[in-house]
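> Structure file final.cif (mmCIF, C-alpha atoms) is given on the next line.
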```cif
data_protein
#
loop_
_atom_site.label_atom_id
_atom_site.label_comp_id
_atom_site.auth_asym_id
_atom_site.auth_seq_id
_atom_site.Cartn_x
_atom_site.Cartn_y
_atom_site.Cartn_z
CA MET Y 487 86.93 -10.23 -125.09
CA ASP Y 488 88.69 -7.31 -123.43
CA TRP Y 489 87.18 -8.00 -120.05
CA LEU Y 490 87.62 -11.79 -120.07
CA GLY Y 491 90.64 -11.49 -117.83
CA MET Y 492 88.24 -10.58 -115.05
CA ALA Y 493 86.34 -13.82 -115.44
CA VAL Y 494 89.14 -15.42 -113.47
CA ARG Y 495 88.94 -15.38 -109.70
CA PRO Y 496 91.22 -12.76 -108.18
CA ARG Y 497 94.26 -13.74 -106.14
CA MET Y 498 95.30 -11.46 -103.37
CA PRO Y 499 98.99 -10.61 -103.78
CA ARG Y 500 101.40 -11.02 -100.91
CA PRO Y 501 101.48 -7.70 -99.03
CA GLU Y 502 105.17 -7.20 -99.72
CA LEU Y 503 104.70 -7.70 -103.47
CA LYS Y 504 103.27 -4.22 -103.98
CA ALA Y 505 106.41 -2.42 -102.82
CA ALA Y 506 108.62 -4.66 -104.95
CA VAL Y 507 106.47 -4.26 -108.05
CA LEU Y 508 106.20 -0.49 -107.73
CA ALA Y 509 109.92 -0.08 -106.99
CA ARG Y 510 110.73 -2.09 -110.11
CA ALA Y 511 108.36 0.01 -112.22
CA TYR Y 512 109.70 3.31 -110.88
CA ALA Y 513 113.29 2.20 -111.49
CA ALA Y 514 112.41 1.26 -115.05
CA GLY Y 515 110.69 4.61 -115.48
CA ARG Y 516 113.76 6.45 -114.28
CA ARG Y 517 115.98 4.44 -116.62
CA ARG Y 518 113.61 5.16 -119.46
CA ALA Y 519 113.52 8.85 -118.58
CA TRP Y 520 117.27 9.00 -119.13
CA TRP Y 521 117.10 7.46 -122.57
CA PRO Y 522 116.05 10.62 -124.42
CA LEU Y 523 118.76 12.59 -122.62
CA ALA Y 524 121.35 9.92 -123.30
CA ALA Y 525 120.22 9.69 -126.92
CA ALA Y 526 120.33 13.47 -127.26
CA ALA Y 527 123.79 13.56 -125.69
CA ALA Y 528 124.97 10.80 -128.01
CA LEU Y 529 123.53 12.69 -130.95
CA VAL Y 530 125.29 15.88 -129.92
CA VAL Y 531 128.57 14.01 -129.51
CA ALA Y 532 128.11 12.31 -132.87
CA LEU Y 533 127.29 15.61 -134.58
CA ALA Y 534 130.25 17.29 -132.91
CA ALA Y 535 132.52 14.45 -133.97
CA ALA Y 536 131.17 14.60 -137.50
CA GLY Y 537 131.63 18.38 -137.54
CA TYR Y 538 135.17 18.10 -136.23
CA ALA Y 539 135.95 15.35 -138.73
CA GLN Y 540 134.58 17.47 -141.56
CA TRP Y 541 136.58 20.49 -140.40
CA ARG Y 542 139.69 18.33 -140.03
CA VAL Y 543 139.20 16.87 -143.50
CA GLY Y 544 138.92 20.42 -144.85
CA VAL Y 545 142.13 21.42 -143.08
CA LEU Y 546 143.96 18.34 -144.34
CA ARG Y 547 142.70 18.90 -147.88
CA GLY Y 548 143.93 22.48 -147.73
CA GLU Y 549 147.27 21.26 -146.44
CA ARG Y 550 147.44 18.64 -149.16
CA ASP Y 551 146.65 21.21 -151.85
CA ARG Y 552 149.23 23.60 -150.44
CA LEU Y 553 151.89 20.88 -150.38
CA ALA Y 554 150.92 19.75 -153.87
CA ALA Y 555 151.29 23.32 -155.15
CA ARG Y 556 154.64 23.64 -153.41
CA ALA Y 557 155.81 20.31 -154.85
CA ALA Y 558 154.72 21.45 -158.31
CA ALA Y 559 156.61 24.71 -157.86
CA LEU Y 560 159.73 22.83 -156.76
CA ARG Y 561 159.38 20.46 -159.70
CA ASP Y 562 159.05 23.46 -161.97
CA THR Y 563 162.14 25.01 -160.43
CA LEU Y 564 164.09 21.80 -160.94
CA ASP Y 565 162.94 21.68 -164.53
CA PHE Y 566 164.49 25.12 -165.08
CA VAL Y 567 167.82 23.87 -163.87
CA ARG Y 568 168.01 20.52 -165.62
CA ARG Y 569 166.51 21.25 -169.02
CA PRO Y 570 169.01 21.24 -171.93
CA GLY Y 571 167.91 24.73 -172.99
CA SER Y 572 168.53 26.28 -169.57
CA THR Y 573 171.01 29.07 -169.12
CA VAL Y 574 172.02 30.63 -165.82
CA TYR Y 575 172.93 34.27 -165.34
CA HIS Y 576 174.29 35.54 -162.08
CA PHE Y 577 174.52 39.27 -161.38
CA PRO Y 578 176.19 40.63 -158.24
CA VAL Y 579 174.44 43.79 -157.14
CA VAL Y 580 174.90 46.38 -154.41
CA THR Y 581 171.90 48.08 -152.88
CA ALA Y 582 172.38 50.81 -150.27
CA GLY Y 583 175.91 49.60 -149.81
CA LYS Y 584 174.83 46.02 -149.26
CA ALA Y 585 176.09 43.25 -151.53
CA GLY Y 586 173.51 40.88 -152.99
CA SER Y 587 172.83 38.98 -156.17
CA ILE Y 588 170.26 38.29 -158.86
CA THR Y 589 170.21 34.83 -160.45
CA ILE Y 590 168.17 34.19 -163.57
CA PHE Y 591 167.52 30.74 -165.00
CA THR Y 592 166.27 31.10 -168.57
CA ASP Y 593 164.47 28.29 -170.37
CA SER Y 594 164.39 28.73 -174.12
CA GLN Y 595 161.93 25.82 -174.52
CA SER Y 596 159.18 27.07 -172.24
CA ARG Y 597 160.17 30.73 -172.74
CA ARG Y 598 160.16 31.38 -169.05
CA TRP Y 599 162.60 32.80 -166.56
CA LEU Y 600 163.12 31.88 -162.97
CA VAL Y 601 164.40 34.89 -161.06
CA THR Y 602 165.90 34.70 -157.58
CA CYS Y 603 166.94 37.73 -155.54
CA ASN Y 604 169.25 37.39 -152.55
CA GLY Y 605 170.76 39.94 -150.24
CA LEU Y 606 168.86 42.93 -151.57
CA THR Y 607 168.23 45.79 -149.17
CA PRO Y 608 164.54 45.80 -148.18
CA ASN Y 609 162.46 48.46 -149.94
CA THR Y 610 161.66 51.65 -148.14
CA PRO Y 611 157.90 52.14 -147.78
CA GLY Y 612 156.29 53.17 -151.10
CA GLU Y 613 158.97 51.56 -153.24
CA VAL Y 614 159.44 48.20 -154.98
CA TYR Y 615 162.06 46.54 -157.11
CA GLN Y 616 161.03 46.11 -160.76
CA ILE Y 617 162.78 43.90 -163.35
CA TRP Y 618 162.67 44.84 -167.02
CA PHE Y 619 163.24 43.00 -170.31
CA VAL Y 620 165.40 44.90 -172.74
CA THR Y 621 164.28 44.01 -176.28
CA ALA Y 622 164.77 45.35 -179.78
CA ARG Y 623 161.38 47.03 -179.44
CA GLY Y 624 162.25 48.77 -176.21
CA VAL Y 625 162.06 48.12 -172.49
CA ARG Y 626 159.14 46.05 -171.12
CA SER Y 627 158.19 45.33 -167.56
CA ALA Y 628 159.07 41.77 -166.53
CA LEU Y 629 158.25 41.66 -162.84
CA VAL Y 630 157.33 43.88 -159.92
CA MET Y 631 159.06 42.46 -156.87
CA PRO Y 632 158.30 44.07 -153.51
CA MET Y 633 160.88 43.29 -150.85
CA PRO Y 634 159.61 44.61 -147.52
CA ASP Y 635 162.20 42.44 -145.72
CA ALA Y 636 165.47 40.70 -146.49
CA THR Y 637 163.90 37.33 -147.24
CA PRO Y 638 165.17 35.96 -150.57
CA ARG Y 639 162.58 36.06 -153.33
CA ILE Y 640 162.00 33.69 -156.22
CA ALA Y 641 159.55 34.11 -159.12
CA ALA Y 642 158.82 32.61 -162.52
CA ILE Y 643 158.00 34.99 -165.38
CA GLY Y 644 157.02 34.55 -169.01
CA VAL Y 645 159.37 35.89 -171.69
CA PRO Y 646 157.92 38.17 -174.40
CA ASP Y 647 157.90 37.16 -178.05
CA ALA Y 648 160.43 39.83 -178.97
CA ALA Y 649 164.04 38.78 -178.62
CA VAL Y 650 165.32 39.69 -175.18
CA THR Y 651 168.74 41.28 -175.43
CA GLY Y 652 169.21 42.41 -171.87
CA VAL Y 653 167.75 42.71 -168.39
CA MET Y 654 167.66 45.50 -165.84
CA MET Y 655 166.33 46.19 -162.37
CA THR Y 656 165.20 49.53 -161.01
CA VAL Y 657 163.59 50.90 -157.87
CA GLU Y 658 160.08 52.13 -158.71
CA PRO Y 659 157.03 53.49 -156.87
CA ASP Y 660 154.81 51.05 -154.95
CA SER Y 661 152.69 49.61 -157.78
CA GLY Y 662 155.47 49.55 -160.34
CA SER Y 663 155.92 51.64 -163.49
CA THR Y 664 155.28 51.20 -167.19
CA GLU Y 665 158.75 52.48 -167.96
CA PRO Y 666 161.87 52.51 -165.82
CA HIS Y 667 162.28 55.85 -164.04
CA GLY Y 668 163.87 55.03 -160.73
CA THR Y 669 167.34 54.18 -159.54
CA VAL Y 670 168.96 51.45 -161.62
CA VAL Y 671 170.08 48.51 -159.48
CA PHE Y 672 171.75 46.71 -162.37
CA GLU Y 673 171.56 46.57 -166.16
CA GLN Y 674 173.09 43.75 -168.13
CA ALA Y 675 173.13 42.64 -171.78
CA LEU Y 676 172.43 38.92 -172.31
CA MET N 1197 81.65 -8.46 -95.92
CA THR N 1198 82.31 -5.21 -97.76
CA LEU N 1199 81.40 -5.19 -101.43
CA ALA N 1200 83.93 -3.23 -103.43
CA ARG N 1201 82.64 -0.71 -105.87
CA ARG N 1202 84.13 -0.53 -109.32
CA LEU N 1203 86.13 2.35 -110.76
CA SER N 1204 83.88 4.97 -112.34
CA GLN N 1205 84.59 6.46 -115.73
CA GLU N 1206 85.60 9.77 -114.21
CA GLU N 1207 87.87 8.11 -111.66
CA GLU N 1208 89.52 6.11 -114.40
CA ARG N 1209 90.07 9.24 -116.48
CA ARG N 1210 91.64 11.01 -113.55
CA LEU N 1211 93.80 7.98 -112.77
CA LEU N 1212 94.93 7.78 -116.37
CA ALA N 1213 95.78 11.48 -116.44
CA ARG N 1214 97.85 11.12 -113.29
CA LEU N 1215 99.65 8.09 -114.68
CA ARG N 1216 100.47 10.02 -117.83
CA ALA N 1217 101.75 12.87 -115.68
CA GLY N 1218 104.11 10.47 -113.90
CA ASP N 1219 102.31 10.55 -110.55
CA GLU N 1220 103.80 7.60 -108.67
CA THR N 1221 100.91 7.39 -106.22
CA ALA N 1222 98.58 6.80 -109.17
CA LEU N 1223 100.46 3.62 -110.02
CA GLY N 1224 99.99 2.46 -106.45
CA GLU N 1225 96.27 3.09 -106.74
CA LEU N 1226 96.11 1.22 -110.02
CA TYR N 1227 97.93 -1.66 -108.33
CA ASP N 1228 95.30 -1.75 -105.61
CA GLN N 1229 92.60 -1.85 -108.26
CA VAL N 1230 93.92 -4.49 -110.64
CA ALA N 1231 96.79 -6.44 -109.06
CA PRO N 1232 94.50 -9.21 -107.72
CA TRP N 1233 93.00 -9.65 -111.18
CA ILE N 1234 96.36 -9.63 -112.94
CA LEU N 1235 97.74 -12.14 -110.48
CA GLY N 1236 94.62 -14.30 -110.86
CA LEU N 1237 94.80 -14.17 -114.64
CA ALA N 1238 98.53 -14.88 -114.76
CA TYR N 1239 98.15 -17.75 -112.32
CA ARG N 1240 95.23 -19.13 -114.34
CA ILE N 1241 97.49 -19.27 -117.40
CA LEU N 1242 100.79 -20.28 -115.78
CA ARG N 1243 99.73 -22.25 -112.67
CA ASP N 1244 102.88 -21.02 -110.98
CA ASP N 1245 102.91 -18.50 -108.14
CA ASP N 1246 106.40 -17.16 -108.81
CA ALA N 1247 105.81 -16.84 -112.53
CA ALA N 1248 102.48 -15.13 -111.93
CA GLU N 1249 104.13 -12.58 -109.64
CA GLU N 1250 106.80 -12.04 -112.28
CA VAL N 1251 104.02 -11.21 -114.72
CA VAL N 1252 102.56 -8.70 -112.28
CA GLY N 1253 105.95 -6.97 -112.14
CA ASP N 1254 106.23 -7.00 -115.93
CA VAL N 1255 102.77 -5.55 -116.34
CA PHE N 1256 103.26 -2.63 -113.98
CA GLU N 1257 106.66 -1.85 -115.45
CA HIS N 1258 105.07 -1.83 -118.89
CA VAL N 1259 102.17 0.33 -117.76
CA TRP N 1260 104.42 2.81 -115.98
CA THR N 1261 106.92 3.20 -118.80
CA ARG N 1262 104.50 2.96 -121.73
CA ILE N 1263 101.29 4.54 -120.48
CA GLY N 1264 101.52 6.84 -123.50
CA GLN N 1265 100.76 3.86 -125.72
CA HIS N 1266 97.28 3.51 -124.23
CA ASP N 1267 94.71 5.08 -126.50
CA PRO N 1268 91.49 5.83 -124.56
CA ARG N 1269 89.58 5.91 -127.84
CA ARG N 1270 90.31 2.23 -128.36
CA GLY N 1271 89.23 1.13 -124.91
CA PRO N 1272 89.40 1.79 -121.20
CA LEU N 1273 92.45 1.35 -119.04
CA ILE N 1274 91.65 -1.83 -117.13
CA PRO N 1275 91.10 -4.11 -120.14
CA TRP N 1276 94.30 -2.69 -121.66
CA VAL N 1277 96.18 -3.69 -118.53
CA LEU N 1278 94.54 -7.12 -118.53
CA ALA N 1279 95.48 -7.62 -122.17
CA ILE N 1280 99.11 -6.83 -121.32
CA ALA N 1281 98.94 -9.32 -118.47
CA ARG N 1282 97.51 -12.04 -120.69
CA HIS N 1283 100.13 -11.50 -123.38
CA ARG N 1284 102.97 -11.47 -120.86
CA ALA N 1285 101.71 -14.65 -119.25
CA LEU N 1286 101.34 -16.42 -122.58
CA ASP N 1287 104.79 -15.18 -123.67
CA LEU N 1288 106.28 -16.55 -120.48
CA LEU N 1289 104.52 -19.82 -121.06
CA ARG N 1290 105.99 -20.04 -124.55
CA ARG N 1291 109.48 -19.03 -123.40
CA GLN N 1292 109.45 -21.75 -120.82
CA HIS N 1293 108.67 -24.31 -123.51
CA ARG N 1294 105.68 -25.50 -121.62
CA TRP N 1295 103.82 -26.69 -124.66
CA GLU N 1296 102.85 -29.98 -123.19
CA ARG N 1297 101.85 -28.29 -120.00
CA ARG N 1298 100.04 -25.64 -121.98
CA ALA N 1299 97.89 -28.29 -123.56
CA ALA N 1300 97.26 -29.78 -120.16
CA LEU N 1301 96.40 -26.37 -118.79
CA ALA N 1302 93.86 -25.96 -121.52
CA HIS N 1303 91.67 -28.35 -119.60
CA PRO N 1304 88.85 -26.63 -117.75
CA ASP N 1305 89.49 -24.96 -114.47
CA PRO N 1306 87.07 -26.27 -111.86
CA ASP N 1307 86.03 -22.67 -111.26
CA ASP N 1308 85.41 -21.90 -114.91
CA ASP N 1309 81.94 -23.37 -115.01
CA GLY N 1310 79.04 -22.29 -112.97
CA TRP N 1311 78.81 -19.93 -110.05
CA VAL N 1312 81.22 -20.19 -107.15
CA ASP N 1313 80.59 -18.34 -103.94
CA PRO N 1314 83.29 -15.81 -103.19
CA ALA N 1315 85.91 -16.87 -100.73
CA ASP N 1316 86.57 -14.80 -97.65
CA GLY N 1317 87.46 -11.25 -98.64
CA GLU N 1318 87.22 -11.97 -102.34
CA ALA N 1319 84.12 -9.86 -102.83
CA SER N 1320 85.90 -6.86 -101.37
CA VAL N 1321 88.41 -6.86 -104.17
CA PRO N 1322 87.94 -3.76 -106.33
CA GLY N 1323 86.20 -4.70 -109.55
CA TRP N 1324 84.29 -7.65 -108.09
CA PRO N 1325 81.02 -6.49 -109.69
CA VAL N 1326 82.71 -6.56 -113.08
CA HIS N 1327 84.01 -10.03 -112.32
CA GLU N 1328 80.52 -11.17 -111.54
CA ALA N 1329 79.18 -9.74 -114.77
CA VAL N 1330 81.93 -11.23 -116.92
CA ARG N 1331 81.76 -14.57 -115.19
CA ALA N 1332 78.03 -14.74 -115.64
CA ALA N 1333 78.37 -13.89 -119.32
CA VAL N 1334 80.96 -16.63 -119.83
CA ALA N 1335 78.92 -19.13 -117.85
CA ALA N 1336 75.91 -18.39 -120.02
CA LEU N 1337 77.75 -19.46 -123.17
CA PRO N 1338 76.94 -22.89 -124.60
CA ASP N 1339 79.53 -25.43 -123.53
CA GLU N 1340 81.17 -25.74 -126.95
CA GLN N 1341 81.55 -21.95 -127.27
CA ARG N 1342 82.86 -21.58 -123.74
CA GLU N 1343 85.41 -24.28 -124.48
CA VAL N 1344 86.68 -22.43 -127.54
CA VAL N 1345 86.90 -19.14 -125.65
CA ARG N 1346 88.73 -20.79 -122.79
CA LEU N 1347 91.29 -22.47 -125.02
CA ALA N 1348 91.92 -19.31 -127.02
CA TYR N 1349 92.02 -16.82 -124.19
CA PHE N 1350 93.63 -18.73 -121.37
CA GLY N 1351 95.53 -21.31 -123.38
CA GLY N 1352 96.69 -18.92 -126.08
CA LEU N 1353 95.83 -21.52 -128.69
CA SER N 1354 95.25 -20.48 -132.28
CA HIS N 1355 92.10 -21.55 -134.11
CA SER N 1356 94.06 -24.32 -135.83
CA GLU N 1357 95.47 -25.53 -132.54
CA ILE N 1358 92.02 -25.53 -130.99
CA ALA N 1359 90.69 -27.51 -133.92
CA ALA N 1360 93.49 -30.04 -133.54
CA HIS N 1361 93.13 -30.15 -129.76
CA THR N 1362 89.36 -30.69 -129.79
CA GLY N 1363 89.15 -32.69 -132.98
CA THR N 1364 86.74 -30.14 -134.41
CA PRO N 1365 86.83 -28.75 -137.97
CA LEU N 1366 88.59 -25.40 -138.22
CA GLY N 1367 85.51 -23.72 -139.70
CA THR N 1368 83.43 -24.89 -136.77
CA VAL N 1369 85.97 -23.48 -134.32
CA LYS N 1370 85.89 -20.11 -136.07
CA THR N 1371 82.10 -20.09 -136.10
CA ARG N 1372 81.92 -20.93 -132.41
CA MET N 1373 84.41 -18.23 -131.60
CA ARG N 1374 82.48 -15.67 -133.61
CA LEU N 1375 79.21 -16.60 -131.95
CA ALA N 1376 80.80 -16.52 -128.52
CA GLN N 1377 82.23 -13.07 -129.11
CA ARG N 1378 78.85 -11.83 -130.25
CA ARG N 1379 77.12 -13.28 -127.19
CA LEU N 1380 79.72 -11.88 -124.83
CA ALA N 1381 79.48 -8.45 -126.43
CA GLU N 1382 75.70 -8.50 -125.98
CA ALA N 1383 75.88 -9.81 -122.44
CA LEU N 1384 78.48 -7.23 -121.45
CA GLN N 1385 76.73 -4.35 -123.19
CA SER N 1386 76.12 -2.66 -119.87
CA LEU N 1387 79.80 -2.96 -119.08
CA ARG N 1388 80.60 -1.41 -122.42
CA ASP N 1389 78.32 1.50 -121.64
CA TRP N 1390 80.08 1.91 -118.37
CA VAL N 1391 83.55 1.80 -119.73
CA THR N 1392 83.21 3.84 -122.89
#
```
Taking this structure as input, can you express it in the form of structure tokens?

Amino acid sequence: MDWLGMAVRPRMPRPELKAAVLARAYAAGRRRAWWPLAAAAALVVALAAAGYAQWRVGVLRGERDRLAARAAALRDTLDFVRRPGSTVYHFPVVTAGKAGSITIFTDSQSRRWLVTCNGLTPNTPGEVYQIWFVTARGVRSALVMPMPDATPRIAAIGVPDAAVTGVMMTVEPDSGSTEPHGTVVFEQAL
Amino acid sequence: MTLARRLSQEEERRLLARLRAGDETALGELYDQVAPWILGLAYRILRDDDAAEEVVGDVFEHVWTRIGQHDPRRGPLIPWVLAIARHRALDLLRRQHRWERRAALAHPDPDDDGWVDPADGEASVPGWPVHEAVRAAVAALPDEQREVVRLAYFGGLSHSEIAAHTGTPLGTVKTRMRLAQRRLAEALQSLRDWVT
């Protein structure tokens, strides 16, 4: 049946029809030739958009996590202040002739301290500030607090089981010490 | 009068290769070869000059943009093009809601039966020898088989529609169609050898 179309008598096309038909076909061919390029371009754009969106989501998630951690830290700080078992100690200190202060919020319920340091002279290279618990069993390291600049520092620390009777701060070598050897910044009984 | 020779196998292969390579002049050569037949076929189905020319445009656009769909293992190029033309013409007929007209068109064309001498210049159309062979094969069919072939091929009627149109049992229509296809295949065996 494939050849049945040629059973029909031919009809000679108008002479001008050929140019019109071929021009139409070529134009369609050119349009069609652009499709793969257009599709590829669209795919690239879509992939780029998807990649950017994924990257952006990652950035926003990181930002969200960072803000959530900060909010939790602030909530924790507030808890130190407002809990019934909280006690505040404020110690004026002088470092290298500069007046500063150490503030300690103690929480007897959670057995944690919140320590803030303001106005301390920045450490010279190779030195750090170190805070110590004074207990009936001796002196124990509480916190190594490097201060390379004058920015106020704040830190939460756990309190040892032994009864803490006092607190002290010294200047120690870079990684801190197991026992206080350096210059005493302050020492105070609680 | 110049008698046109038909496209040889090798020429058709080369033409196909050039079409696949996007050679625009090849499409022009194909047009010269088959446009009169496409226009004749489309006009035979649609009976409308403008619509038939529209079909010619559709066919060449399809061929040019989808030549990759032609599988030489399943048949030569020219019948593939003619099949596209027939389908486009029948689609156009259906889109134009010409059902009543379609039934009317299903009546025999005066040229369908018997031999008609070529009009001036007709025999110089490329492919005329194939036309003669096909026409002779169709003319050799018994009337009832030729009628079924004509309604199916040019009218686009299904077997059921042919049965309803001719008042013949469906099984008889199918048998006639099968016999006609077998006879045509035998009669056009030489054409098959040429084209495959």
> Pick the closest to chain N from Y:Ala514, Y:Leu564, Y:Glu502, Y:Val650: which is it, counting only C-alpha atoms?
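The closest residue to chain N is Y:Ala514.
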> Write down, as a ChimeraX atom specification, each residue of chain Y that has any atom within 12 Å of an atom of chain N, counting all atoms listed in the file.
/Y:487-521
> Please evaluate the PyMOL selection byres ((chain Y and resi 602) around 10) against the displayed coordinates and give the resulting residues as a list of chain:residue names.
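When the PyMOL selection byres ((chain Y and resi 602) around 10) is applied, the selected residues are Y:His576, Y:Ser587, Y:Ile588, Y:Thr589, Y:Ile590, Y:Phe591, Y:Trp599, Y:Leu600, Y:Val601, Y:Cys603, Y:Asn604, Y:Pro638, Y:Arg639, Y:Ile640, Y:Ala641, Y:Ala642.
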> Would you kindly translate the PyMOL selection byres ((chain Y and resi 622) around 10) into the concrete residues it picks from this file, as JSON, numbers by chain?
{"Y": [619, 620, 621, 623, 624, 625, 648, 649, 650, 651, 652]}
> Which residues would end up in the selection if the PyMOL selection byres ((chain Y and resi 609-616) around 7) were applied here, given that I need the answer as a list of chain:residue names?
Y:Thr607, Y:Pro608, Y:Ile617, Y:Trp618, Y:Leu629, Y:Val630, Y:Met631, Y:Pro632, Y:Met633, Y:Pro634, Y:Met655, Y:Thr656, Y:Val657, Y:Glu658, Y:Pro659, Y:Asp660, Y:Gly662
